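*Asks:* Sharing a structure, written as structure tokens. Questions coming.
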Amino acid sequence: MFKAVVTVTLRPSILDPEGKTVEQSLHQLGYGAVHNVRMGKHIELEVDAETESQARETVDDICNKLLANPVMEDYTFTIRRKEEAVKE
Amino acid sequence: MKEQARAAVIVFPGSNCDHDAFFALRKIMGIDTRFVWHKEESLGETDLVILPGGFSYGDYLRCGAIARFSPIMKDVINFARNGGVVTGICNGFQVLCEAGLLPGALVRNEHLRFVCKDVYIRVENNDTRFTSQCSEGEVLKISVAHGDGNYIIDAEGLEELKKNRQIVFRYSDENGEISDAVNPNGSLENIAGIVNREGNVLGMMPHPERAMEDLLGKRDGKKIFESVINSIIQVNNYISAE
């Protein structure tokens, strides 16, 4: 079993009004040094697979199909064996 | 000669304008209309498919992203690819974009607020199956009610839309003037509704099914239903005359 952590973000060209609002709030709190706040999604999932490359293929497939909309979003993910993930 | 048009209104978990669409089609337009539950695998015999407004699957993940994979969508996609007439209203528009039947995507309103009010939209192209009863440049008064109606598409896609006259409705004022001030959600170029390149699939954020009779204060939406039903009857008559 493998554990994957997927991060989905709006493409840089897409305006992120939510990120902008959070940024404004941070500025009001006095954190004027903070810029370019972008919101995104963090998705954790487990995959049954024999090898890491099989698991990677599955995760890539579901990111393209469902987890991200390539019209407006990019995604990245990390993957590792479940046992290692549990030991942490 | 087949003079009747038949419609199917798809019901997803979380659809909430399905009954409005049904009422508009069956009671006001007087056509044979059925609900089709999203778990069905076949549309059955129909001439028109409506994907209604609402919050299918609670808008989880992205609006329309999960509904797009409901069992019935396979047949909806087949139906559309074979030239069947499909209209997606509000959440239905989002589902059509997610399904790849329409280009672009709908993202969070620029001002982040849910917008629920009457707006004006200008008919940009009356040479479509959905707008033939309108005049070019006609201004319709219709309500919007959405949190994610901000239409986006890349520059290349926008060029395609313009070249093929796929932009059908744009937000305007009551005189048909288009400006940022009358854009309710930040939508690119005030886009409120588009058709696919073939012209048989319409997606729009405003709700024509809520603007059907004077009793409810607005009737401009009826022109859209009249257009599409007329076009279906014409095509059906043409086919049965062959």
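Residues in the structure tokens are numbered from 1 in each chain, the chains being A, B, ... in the order shown, and ligands are numbered from 1 in the order shown.
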Residues of chain A within 8 Å of chain B, using only C-alpha atoms, as a PyMOL selection string?
*Replies:* chain A and resi 17-18+66-67+69+71-72
*Asks:* Taking 6 positions as the minimum chain separation for residues in the same chain, which residues sit within 9 Å of B:Phe114 when counting only C-alpha atoms? Answer as a ChimeraX atom specification.
*Replies:* /B:145-148,185
*Asks:* Please produce a file of the residues just selected, as a PDB file, in the first residue's frame, where the atoms kept are C-alpha atoms.
*Replies:*
ATOM      1  CA  ALA B 145     -27.949  32.802  -8.099  1.00  0.00           C
ATOM      2  CA  HIS B 146     -24.444  31.420  -7.792  1.00  0.00           C
ATOM      3  CA  GLY B 147     -21.138  31.510  -5.955  1.00  0.00           C
ATOM      4  CA  ASP B 148     -19.007  30.149  -8.777  1.00  0.00           C
ATOM      5  CA  ASN B 185     -19.181  37.723 -10.838  1.00  0.00           C
TER       6      ASN B 185
END
*Asks:* What's the 7 Å shell around stretch 34-47 of chain A, counting only C-alpha atoms, without same-chain residues fewer than 3 positions away, as number ranges by chain?
*Replies:* A: 1-10, 16, 18-20, 23, 31, 55
*Asks:* As a ChimeraX atom specification, please: the residues near B:Ile28 (cut-off 9 Å, only C-alpha atoms, same-chain neighbours under 3 positions excluded).
*Replies:* /B:23-25,31,212-213,222
*Asks:* Give me, please, the distance in Å between atom CA of A:Arg80 and atom CA of A:Ser53, quoted to one decimal.
*Replies:*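 Between these atoms lies a distance of 10.4 Å.
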*Asks:* Which polymer residues have any atom within 7 Å of an atom of B:Arg34, counting only C-alpha atoms, with same-chain residues fewer than 2 positions away left out, as a list in words?
*Replies:* Ala7, Ala8, Val9, Asp32 and Val36 of chain B
*Asks:* From a DSSP pass on the backbone, collect the residues of chain A flagged as strand (DSSP E or B) and hand them back as a ChimeraX atom specification.
*Replies:* /A:2-10,40-47,73-81
*Asks:* Quick one: pull the distance between atom CA of B:Gly137 and atom CA of B:Cys90, Å, one decimal.
*Replies:*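 Straight-line distance from atom CA of B:Gly137 to atom CA of B:Cys90 works out to 22.0 Å.
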*Asks:* What's the separation between atom CA of B:Lys223 and atom CA of B:Cys134, in Å to one decimal place?
*Replies:*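 Interatomic distance, atom CA of B:Lys223 to atom CA of B:Cys134: 6.6 Å.
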*Asks:* Which residues are near B:Glu138? Cut-off 12 Å, only C-alpha atoms, ignore same chain within fewer than 5 positions. Put them as a PyMOL selection string.
*Replies:* chain B and resi 120-126+131-133+168-177+220+223
*Asks:* Enumerate, as a compact mmCIF listing (two decimals) with N, CA and C atoms, in the first residue's frame, the complete set of residues in chain A that a backbone-based DSSP assignment places in alpha helix (DSSP H).
*Replies:*
# COMPACT_ATOMS: atom_id res chain seq x y z
N PRO A 17 -9.09 35.10 -5.98
CA PRO A 17 -9.64 36.12 -5.08
C PRO A 17 -9.58 35.72 -3.62
N GLU A 18 -9.66 34.41 -3.36
CA GLU A 18 -9.61 33.94 -1.97
C GLU A 18 -8.21 34.20 -1.40
N GLY A 19 -7.19 33.86 -2.18
CA GLY A 19 -5.81 34.11 -1.75
C GLY A 19 -5.57 35.59 -1.51
N LYS A 20 -6.12 36.40 -2.39
CA LYS A 20 -5.95 37.84 -2.28
C LYS A 20 -6.58 38.37 -1.00
N THR A 21 -7.75 37.84 -0.66
CA THR A 21 -8.44 38.28 0.55
C THR A 21 -7.64 37.89 1.80
N VAL A 22 -7.10 36.67 1.79
CA VAL A 22 -6.27 36.24 2.92
C VAL A 22 -5.03 37.13 3.02
N GLU A 23 -4.46 37.46 1.87
CA GLU A 23 -3.26 38.31 1.87
C GLU A 23 -3.57 39.68 2.48
N GLN A 24 -4.73 40.24 2.08
CA GLN A 24 -5.12 41.55 2.63
C GLN A 24 -5.27 41.48 4.15
N SER A 25 -5.84 40.36 4.60
CA SER A 25 -6.03 40.19 6.03
C SER A 25 -4.67 40.11 6.74
N LEU A 26 -3.74 39.41 6.12
CA LEU A 26 -2.39 39.30 6.71
C LEU A 26 -1.73 40.68 6.78
N HIS A 27 -1.94 41.48 5.74
CA HIS A 27 -1.37 42.83 5.75
C HIS A 27 -1.96 43.66 6.88
N GLN A 28 -3.28 43.47 7.10
CA GLN A 28 -3.93 44.20 8.20
C GLN A 28 -3.37 43.78 9.55
N GLU A 52 5.86 1.22 -6.73
CA GLU A 52 5.67 2.66 -6.61
C GLU A 52 5.26 3.25 -7.96
N SER A 53 5.84 2.70 -9.02
CA SER A 53 5.51 3.30 -10.32
C SER A 53 4.05 3.03 -10.70
N GLN A 54 3.53 1.88 -10.28
CA GLN A 54 2.09 1.61 -10.52
C GLN A 54 1.24 2.60 -9.73
N ALA A 55 1.61 2.81 -8.48
CA ALA A 55 0.85 3.73 -7.64
C ALA A 55 0.92 5.14 -8.22
N ARG A 56 2.10 5.50 -8.68
CA ARG A 56 2.31 6.83 -9.27
C ARG A 56 1.41 7.04 -10.50
N GLU A 57 1.34 5.98 -11.29
CA GLU A 57 0.52 6.05 -12.51
C GLU A 57 -0.96 6.26 -12.15
N THR A 58 -1.41 5.49 -11.14
CA THR A 58 -2.81 5.62 -10.71
C THR A 58 -3.10 7.03 -10.22
N VAL A 59 -2.20 7.55 -9.37
CA VAL A 59 -2.45 8.88 -8.79
C VAL A 59 -2.44 9.93 -9.89
N ASP A 60 -1.51 9.81 -10.82
CA ASP A 60 -1.44 10.78 -11.92
C ASP A 60 -2.75 10.76 -12.73
N ASP A 61 -3.24 9.54 -12.95
CA ASP A 61 -4.47 9.34 -13.70
C ASP A 61 -5.67 10.02 -13.02
N ILE A 62 -5.80 9.79 -11.71
CA ILE A 62 -6.97 10.35 -11.02
C ILE A 62 -6.84 11.86 -10.85
N LYS A 82 3.17 2.88 2.49
CA LYS A 82 2.37 3.17 3.69
C LYS A 82 3.17 2.93 4.96
N GLU A 83 3.96 1.80 5.01
CA GLU A 83 4.71 1.45 6.22
C GLU A 83 5.60 2.61 6.65
N GLU A 84 6.30 3.19 5.64
CA GLU A 84 7.19 4.30 5.95
C GLU A 84 6.39 5.48 6.48
N ALA A 85 5.23 5.68 5.89
CA ALA A 85 4.42 6.83 6.28
C ALA A 85 3.97 6.69 7.73
N VAL A 86 3.68 5.43 8.13
CA VAL A 86 3.18 5.19 9.48
C VAL A 86 4.28 5.41 10.53
N LYS A 87 5.52 5.01 10.18
CA LYS A 87 6.63 5.08 11.14
C LYS A 87 6.91 6.49 11.65
*Asks:* I'd like to know which of B:His38, B:Arg81, B:Lys74, B:His19 is closest to B:Asn200, using only C-alpha atoms.
*Replies:*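 Result for the nearest residue to B:Asn200: B:Arg81.
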